[in-house]
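Here is the file coords.txt (compact mmCIF, C-alpha atoms and all ligand atoms).
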# COMPACT_ATOMS: atom_id res chain seq x y z
CA MET A 1 26.29 61.04 -86.62
CA PHE A 2 25.87 64.49 -85.05
CA CYS A 3 23.43 63.23 -82.41
CA GLU A 4 25.63 60.24 -81.53
CA ALA A 5 22.77 57.80 -82.16
CA SER A 6 22.92 55.20 -84.93
CA ASP A 7 19.86 56.11 -87.02
CA CYS A 8 18.07 59.17 -88.31
CA ALA A 9 14.98 59.39 -90.51
CA GLY A 10 14.19 62.75 -92.09
CA VAL A 11 10.45 63.49 -92.06
CA ALA A 12 8.18 66.40 -92.95
CA THR A 13 7.89 68.13 -89.54
CA GLY A 14 8.81 67.79 -85.88
CA CYS A 15 5.21 66.87 -85.08
CA ASP A 16 5.42 64.01 -87.57
CA ALA A 17 8.69 62.79 -86.06
CA LEU A 18 7.01 62.47 -82.65
CA LEU A 19 3.88 60.93 -84.14
CA TRP A 20 5.82 58.31 -86.12
CA ALA A 21 8.00 57.54 -83.09
CA MET A 22 4.84 56.70 -81.17
CA GLU A 23 3.23 54.81 -84.04
CA GLY A 24 6.45 52.93 -84.65
CA LEU A 25 6.53 51.83 -81.03
CA GLY A 26 2.92 50.72 -81.22
CA ILE A 27 1.55 53.43 -78.93
CA SER A 28 -2.16 53.81 -79.68
CA LYS A 29 -5.68 53.93 -78.26
CA GLY A 30 -5.82 53.00 -74.60
CA ASP A 31 -2.22 54.02 -73.95
CA GLU A 32 -1.20 56.97 -71.81
CA VAL A 33 1.82 59.16 -72.50
CA ILE A 34 3.09 61.42 -69.73
CA THR A 35 4.34 64.87 -70.64
CA VAL A 36 4.57 68.38 -69.27
CA ALA A 37 1.92 71.13 -69.14
CA ASN A 38 4.26 73.99 -70.10
CA THR A 39 5.22 73.19 -73.64
CA PHE A 40 4.33 74.04 -77.22
CA ILE A 41 1.20 72.29 -78.41
CA GLY A 42 3.36 70.39 -80.94
CA SER A 43 4.48 68.11 -78.11
CA VAL A 44 0.94 67.04 -77.26
CA LEU A 45 -0.91 66.85 -80.59
CA PRO A 46 1.16 63.86 -81.79
CA ILE A 47 0.11 61.91 -78.68
CA LEU A 48 -3.55 62.55 -79.52
CA ARG A 49 -3.01 61.79 -83.23
CA ALA A 50 -1.47 58.46 -82.27
CA GLY A 51 -4.78 57.76 -80.49
CA ALA A 52 -3.22 57.81 -77.02
CA THR A 53 -4.09 60.01 -74.04
CA PRO A 54 -1.70 62.69 -72.84
CA VAL A 55 -1.23 62.78 -69.08
CA LEU A 56 0.11 66.15 -68.02
CA VAL A 57 2.33 67.00 -65.07
CA ASP A 58 3.63 70.35 -63.85
CA CYS A 59 7.11 71.78 -64.33
CA ASP A 60 9.84 72.38 -61.78
CA PRO A 61 9.79 76.08 -60.81
CA LEU A 62 13.59 76.33 -60.78
CA THR A 63 14.43 74.66 -64.07
CA GLN A 64 11.11 75.03 -65.97
CA GLN A 65 11.52 71.41 -67.08
CA ILE A 66 9.19 68.50 -66.39
CA ASP A 67 9.00 67.63 -62.68
CA ALA A 68 10.25 64.03 -62.54
CA GLU A 69 8.70 63.33 -59.13
CA GLN A 70 5.28 64.15 -60.47
CA VAL A 71 5.88 61.82 -63.42
CA GLU A 72 6.28 58.90 -61.06
CA SER A 73 3.03 59.77 -59.29
CA VAL A 74 0.83 59.60 -62.41
CA ILE A 75 1.99 56.22 -63.76
CA THR A 76 -0.88 53.77 -64.23
CA PRO A 77 -1.09 50.30 -65.82
CA ARG A 78 -2.00 52.11 -69.09
CA THR A 79 1.10 54.30 -69.17
CA SER A 80 3.29 53.33 -72.12
CA ALA A 81 5.70 56.22 -72.49
CA ILE A 82 7.14 59.41 -71.06
CA LEU A 83 7.65 62.26 -73.51
CA ALA A 84 10.43 64.47 -72.13
CA VAL A 85 10.47 67.96 -73.64
CA HIS A 86 13.82 69.77 -73.71
CA LEU A 87 12.22 73.15 -73.35
CA TYR A 88 14.05 76.29 -74.55
CA GLY A 89 17.15 74.28 -75.50
CA ARG A 90 17.80 73.06 -71.96
CA LEU A 91 17.44 69.42 -71.09
CA ALA A 92 14.75 67.69 -69.07
CA PRO A 93 16.06 65.72 -66.02
CA MET A 94 16.97 62.69 -68.12
CA ASP A 95 18.74 60.64 -65.41
CA GLN A 96 15.63 60.62 -63.26
CA LEU A 97 13.32 60.03 -66.21
CA LEU A 98 15.46 57.16 -67.52
CA GLU A 99 15.36 55.49 -64.12
CA ILE A 100 11.58 55.90 -63.87
CA ALA A 101 11.13 54.58 -67.42
CA GLU A 102 13.36 51.57 -66.78
CA ASN A 103 11.76 50.73 -63.43
CA ASN A 104 8.29 50.82 -64.94
CA GLY A 105 8.95 49.29 -68.36
CA LEU A 106 8.10 52.51 -70.22
CA ALA A 107 9.51 54.00 -73.41
CA LEU A 108 11.27 57.32 -72.90
CA LEU A 109 10.82 59.66 -75.85
CA GLU A 110 12.50 63.04 -76.30
CA ASP A 111 10.92 66.10 -77.82
CA ALA A 112 14.20 67.65 -78.93
CA ALA A 113 12.56 70.22 -81.22
CA GLN A 114 14.29 73.05 -79.34
CA ALA A 115 17.52 71.34 -78.34
CA HIS A 116 19.67 70.62 -81.40
CA GLY A 117 23.18 69.97 -80.13
CA ALA A 118 22.47 70.29 -76.40
CA ARG A 119 24.10 67.75 -74.10
CA TYR A 120 23.13 66.10 -70.83
CA ARG A 121 26.02 64.57 -68.88
CA GLY A 122 27.95 64.45 -72.13
CA LYS A 123 25.20 62.84 -74.20
CA ARG A 124 23.56 64.67 -77.06
CA ALA A 125 19.88 65.56 -76.84
CA GLY A 126 18.05 63.02 -78.94
CA SER A 127 20.37 60.13 -78.12
CA ILE A 128 19.32 59.51 -74.52
CA GLY A 129 15.81 58.11 -74.75
CA HIS A 130 14.44 55.37 -76.98
CA ALA A 131 13.62 57.78 -79.81
CA SER A 132 13.43 61.50 -80.31
CA GLY A 133 11.83 64.06 -82.56
CA PHE A 134 13.57 67.15 -83.94
CA SER A 135 11.93 70.08 -85.72
CA PHE A 136 13.70 72.07 -88.41
CA TYR A 137 11.13 74.85 -88.52
CA PRO A 138 13.11 77.90 -89.73
CA ALA A 139 13.33 79.59 -86.31
CA LYS A 140 14.95 76.58 -84.62
CA ASN A 141 18.67 76.43 -83.75
CA LEU A 142 18.98 74.26 -86.85
CA GLY A 143 16.31 75.62 -89.14
CA ALA A 144 15.48 74.73 -92.73
CA TRP A 145 14.10 77.15 -95.30
CA GLY A 146 10.69 75.61 -94.72
CA ASP A 147 9.34 72.84 -92.54
CA GLY A 148 11.29 69.71 -91.76
CA GLY A 149 11.81 67.19 -88.98
CA ALA A 150 13.79 64.10 -88.03
CA LEU A 151 13.39 61.05 -85.90
CA VAL A 152 16.62 60.00 -84.19
CA THR A 153 17.05 56.61 -82.52
CA SER A 154 19.52 53.80 -81.99
CA ASP A 155 16.73 51.28 -82.57
CA HIS A 156 17.40 50.25 -86.16
CA GLU A 157 14.15 48.32 -86.48
CA LEU A 158 12.18 51.40 -85.43
CA SER A 159 13.95 53.69 -87.89
CA THR A 160 13.45 51.16 -90.70
CA ARG A 161 9.75 51.12 -89.93
CA ILE A 162 9.56 54.92 -89.89
CA LYS A 163 11.37 55.14 -93.19
CA ARG A 164 8.54 52.98 -94.57
CA ILE A 165 5.76 54.91 -92.84
CA ARG A 166 7.02 58.29 -94.12
CA ASN A 167 6.92 56.97 -97.67
CA TYR A 168 3.35 55.64 -97.98
CA GLY A 169 4.27 52.51 -96.04
CA GLN A 170 6.08 51.08 -99.05
CA LYS A 171 8.99 48.69 -98.77
CA GLU A 172 9.63 48.56 -102.47
CA LYS A 173 8.15 50.84 -105.10
CA TYR A 174 4.36 50.38 -105.12
CA ILE A 175 4.52 47.50 -102.67
CA HIS A 176 2.81 48.73 -99.51
CA PHE A 177 3.37 46.84 -96.30
CA GLU A 178 1.44 49.14 -94.01
CA LYS A 179 -0.80 52.19 -94.11
CA GLY A 180 1.83 54.88 -94.12
CA TRP A 181 1.70 58.52 -95.11
CA ASN A 182 3.56 61.04 -97.22
CA SER A 183 5.85 62.60 -94.64
CA ARG A 184 9.20 62.79 -96.38
CA LEU A 185 11.79 65.47 -95.69
CA ASP A 186 11.91 67.64 -98.79
CA SER A 187 15.26 67.34 -100.66
CA ILE A 188 15.84 71.10 -100.83
CA GLN A 189 15.43 71.32 -97.05
CA ALA A 190 17.81 68.38 -96.60
CA ILE A 191 20.50 70.17 -98.62
CA VAL A 192 20.06 73.37 -96.59
CA LEU A 193 20.18 71.43 -93.33
CA ARG A 194 23.29 69.46 -94.31
CA GLU A 195 25.18 72.71 -94.91
CA LYS A 196 23.85 74.47 -91.82
CA LEU A 197 24.62 71.46 -89.60
CA LYS A 198 28.34 72.13 -90.13
CA LEU A 199 27.90 75.45 -88.31
CA LEU A 200 25.52 74.34 -85.58
CA ASP A 201 28.06 73.79 -82.79
CA GLU A 202 29.60 77.19 -83.45
CA TRP A 203 26.19 78.90 -83.51
CA ASN A 204 25.23 77.16 -80.26
CA GLU A 205 28.47 78.29 -78.65
CA ARG A 206 27.63 81.87 -79.59
CA ARG A 207 24.16 81.51 -78.05
CA ARG A 208 25.85 80.19 -74.88
CA HIS A 209 28.11 83.21 -74.78
CA ALA A 210 25.17 85.61 -75.20
CA SER A 211 23.26 83.77 -72.44
CA LYS A 212 26.22 83.97 -70.08
CA TRP A 213 26.41 87.68 -70.78
CA TYR A 214 22.68 88.05 -70.02
CA TYR A 215 23.08 86.15 -66.73
CA GLU A 216 25.86 88.53 -65.67
CA GLN A 217 24.04 91.69 -66.73
CA LEU A 218 20.78 90.61 -65.12
CA GLU A 219 22.26 89.48 -61.83
CA ASP A 220 20.93 92.55 -60.00
CA ALA A 221 17.68 92.82 -62.01
CA PRO A 222 14.31 92.07 -60.35
CA VAL A 223 13.71 89.13 -62.66
CA ILE A 224 14.14 85.38 -62.34
CA THR A 225 16.62 83.67 -64.61
CA PHE A 226 16.43 79.90 -64.58
CA CYS A 227 19.04 77.44 -63.49
CA ASP A 228 20.00 74.12 -64.99
CA ASP A 229 20.56 70.68 -63.63
CA ASP A 230 24.25 69.82 -63.14
CA GLY A 231 25.70 68.47 -66.32
CA ASN A 232 23.15 70.19 -68.54
CA GLU A 233 24.85 71.84 -71.51
CA PRO A 234 22.05 73.92 -73.00
CA VAL A 235 21.86 75.53 -76.43
CA HIS A 236 19.57 78.42 -75.46
CA HIS A 237 17.04 78.17 -78.21
CA LEU A 238 15.25 80.88 -76.22
CA PHE A 239 16.42 83.06 -73.35
CA VAL A 240 13.46 83.15 -71.02
CA ILE A 241 13.10 85.18 -67.83
CA GLN A 242 10.27 85.48 -65.33
CA VAL A 243 9.13 89.00 -64.55
CA SER A 244 6.14 90.45 -62.71
CA GLU A 245 3.77 92.67 -64.71
CA ARG A 246 5.11 90.91 -67.78
CA ASP A 247 2.67 92.40 -70.29
CA LYS A 248 3.44 95.95 -69.18
CA VAL A 249 7.18 95.30 -69.32
CA GLN A 250 6.85 93.77 -72.76
CA LYS A 251 4.93 96.78 -74.10
CA LYS A 252 7.50 99.21 -72.71
CA LEU A 253 10.35 97.27 -74.28
CA GLN A 254 8.48 97.14 -77.57
CA ARG A 255 8.22 100.96 -77.53
CA GLN A 256 12.01 101.01 -77.34
CA LYS A 257 12.18 98.67 -80.33
CA ILE A 258 13.17 95.64 -78.26
CA GLN A 259 11.18 92.75 -79.56
CA THR A 260 10.41 90.01 -77.07
CA GLY A 261 8.26 86.88 -77.16
CA ILE A 262 6.07 84.81 -74.85
CA HIS A 263 6.69 81.08 -74.83
CA TYR A 264 3.98 80.19 -74.11
CA PRO A 265 1.02 82.38 -73.15
CA VAL A 266 -1.37 79.46 -72.58
CA PRO A 267 -0.41 76.21 -70.82
CA ILE A 268 -1.53 73.04 -72.57
CA HIS A 269 -4.54 72.26 -70.35
CA ARG A 270 -6.01 75.75 -70.87
CA HIS A 271 -6.19 75.67 -74.66
CA LYS A 272 -9.66 76.17 -76.11
CA CYS A 273 -9.21 73.14 -78.36
CA PHE A 274 -8.85 70.90 -75.29
CA GLU A 275 -11.76 72.30 -73.29
CA ASN A 276 -13.78 69.12 -73.67
CA GLU A 277 -10.86 66.73 -73.32
CA HIS A 278 -10.73 64.75 -70.12
CA PHE A 279 -6.94 65.03 -69.89
CA ALA A 280 -7.08 68.86 -69.76
CA ALA A 281 -10.48 70.16 -68.69
CA GLY A 282 -10.63 71.23 -65.05
CA LYS A 283 -6.97 70.39 -64.43
CA THR A 284 -4.63 72.82 -62.68
CA PHE A 285 -0.86 73.01 -62.88
CA PRO A 286 0.10 76.02 -60.74
CA GLU A 287 3.69 76.41 -61.95
CA ALA A 288 2.82 76.13 -65.63
CA GLU A 289 0.03 78.66 -65.10
CA LYS A 290 2.28 81.09 -63.23
CA GLN A 291 4.93 80.81 -65.90
CA SER A 292 2.52 81.43 -68.75
CA ALA A 293 1.57 84.71 -67.03
CA GLU A 294 5.09 85.87 -66.23
CA LEU A 295 7.56 84.52 -68.77
CA LEU A 296 9.24 86.76 -71.27
CA SER A 297 11.68 85.64 -73.97
CA LEU A 298 14.43 88.18 -74.55
CA PRO A 299 16.13 88.44 -77.95
CA MET A 300 18.37 85.42 -78.57
CA HIS A 301 20.26 84.37 -81.69
CA PRO A 302 23.86 83.47 -82.58
CA ASN A 303 24.71 87.00 -83.75
CA LEU A 304 23.60 88.77 -80.59
CA SER A 305 26.54 90.92 -79.45
CA GLU A 306 27.63 91.79 -75.92
CA GLU A 307 26.70 95.42 -76.62
CA GLN A 308 23.20 94.41 -77.64
CA VAL A 309 22.80 92.28 -74.51
CA ASP A 310 24.05 95.23 -72.40
CA PHE A 311 21.51 97.51 -74.06
CA ILE A 312 18.58 95.10 -73.66
CA SER A 313 19.50 94.32 -70.04
CA GLN A 314 19.78 97.99 -69.11
CA LYS A 315 16.44 98.82 -70.74
CA LEU A 316 14.85 95.89 -68.95
CA LYS A 317 16.21 97.04 -65.60
CA ASP A 318 15.04 100.62 -66.26
CA THR A 319 11.60 99.34 -67.23
CA CYS A 320 11.32 97.21 -64.09
CA SER A 321 12.32 100.09 -61.81
CA GLU A 322 9.83 102.41 -63.58
CA SER A 323 7.13 99.83 -62.91
CA SER A 324 8.01 99.58 -59.21
CA ASN A 325 8.09 103.43 -58.95
CA ASP A 326 4.63 103.56 -60.62
CA LYS A 327 3.37 101.16 -57.95
CA SER A 328 4.84 103.07 -55.03
CA THR A 329 3.43 106.45 -56.13
C1 LIG A 401 8.71 71.76 -78.19
C2 LIG A 401 8.22 71.54 -79.59
N1 LIG A 401 7.64 70.35 -79.90
C3 LIG A 401 7.21 70.09 -81.13
C4 LIG A 401 7.33 71.01 -82.15
C5 LIG A 401 6.76 70.67 -83.48
O1 LIG A 401 7.66 70.84 -84.54
P1 LIG A 401 7.12 71.24 -85.99
O2 LIG A 401 6.63 72.64 -85.92
O3 LIG A 401 8.32 71.09 -86.88
O4 LIG A 401 6.04 70.26 -86.33
C6 LIG A 401 7.93 72.25 -81.88
C7 LIG A 401 8.17 73.27 -82.90
O5 LIG A 401 7.50 73.94 -83.50
C8 LIG A 401 8.37 72.53 -80.56
O6 LIG A 401 8.93 73.70 -80.24
Taking this structure as input, can you express it in the form of structure tokens?
Amino acid sequence: MFCEASDCAGVATGCDALLWAMEGLGISKGDEVITVANTFIGSVLPILRAGATPVLVDCDPLTQQIDAEQVESVITPRTSAILAVHLYGRLAPMDQLLEIAENNGLALLEDAAQAHGARYRGKRAGSIGHASGFSFYPAKNLGAWGDGGALVTSDHELSTRIKRIRNYGQKEKYIHFEKGWNSRLDSIQAIVLREKLKLLDEWNERRRHASKWYYEQLEDAPVITFCDDDGNEPVHHLFVIQVSERDKVQKKLQRQKIQTGIHYPVPIHRHKCFENEHFAAGKTFPEAEKQSAELLSLPMHPNLSEEQVDFISQKLKDTCSESSNDKST
């Protein structure tokens, strides 16, 4: 199988894949799941839906990925799992997380929604932890024509259970063993994904080439580009830089028809919907907060040419030097 794990269960969305992974492992009320504060809300909502409590930690300022040392410091007797998020198509520090999980008897789950095909020390994203969730939302590296998701695991018992849960909990037609849900992967999406999967490695290679080109062009730019752990083979779902006066820079680029994004403008603990939640309210995660104010996602897709990267990089550099001239006058 592409992910080099033994089992895969197609489900309706990436959120569902993470939710069923937790339900399948028996994670529920009273349990704590550790994850990172700088992620998409789709990493955290499944923890809450499972009835468990998210416990957030900050990210590493150099890699933007979950800070493994902080993970260790928030483990309590109620911790049942670590949810590693492979943010932007680059992998979380899985060696350290695996060791922490093993030493503390925790499940290690992967949110691989942005990391289709990435590798960490040779292993595919999604095959390293106990179970992982992928999203096939159309904008992903492997995107369907609508929503879709998959749970990947080498735990056959878990995948069998999830295949029941996603189909109303039935083992045989109209014989329901547990309270499941309708969370099947739509057949049309499955056909699209099967065809697109054949091209995924090639598309990822092209993203890698575009990223390398960006790194070279931006070497002398007043922006931060992020580094990866040794052995991390990313797939650059997004190409994210850190830049001061981000909003101004973004507007200036927009005027020159360069569309950029912000992933993500609000860290998890600052979302309005969590303002009364104990796990978020009043918490501070300085790196995640700084990043949400300064990150900018530059255009990234498999068809991005070297000329386009040159153009974007030059405009970005011009914009940054205009901003610093504005300040000095
Ligand atoms: C990091 C991350 N986790 C979870 C999800 C949830 O996936 P979906 O939108 O398919 O439910 C997404 C994608 O949207 C994501 O980017």
* Using all atoms listed in the file, pick whichever of A:Glu69, A:Asp111, A:Asp7, A:Asp58 has the shortest atom-to-atom distance to ligand LIG 401 (chain A). =>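 Using all atoms listed in the file, ligand LIG 401 (chain A) sits closest to A:Asp111.
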* **Surrounding residues as a PyMOL selection string, ligand LIG 401 (chain A), max 9 Å, all atoms listed in the file** => chain A and resi 12-18+39-46+85-88+111-115+133-140+147-150
* To do: Using only C-alpha atoms, find the one residue out of A:Leu142, A:Ile27, A:Ala131, A:Ala107 that sits nearest to A:Ser154.
  => A:Ala131
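Rounded to one decimal, atom CA of A:Asn204 and atom CA of A:Glu233 lie 10.2 Å from each other.
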* Which residue, A:Ala221, A:Ala144, A:Ala281, A:Ala92, has the smallest gap to A:Gly126 when you use all atoms listed in the file? ->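 For A:Gly126, the nearest of the given residues is A:Ala92.
Excluding A:Leu304 itself and same-chain residues fewer than 6 positions from it, the residues having an atom within 9 Å of it are A:Arg206, A:Arg207, A:Ala210, counting all atoms listed in the file.
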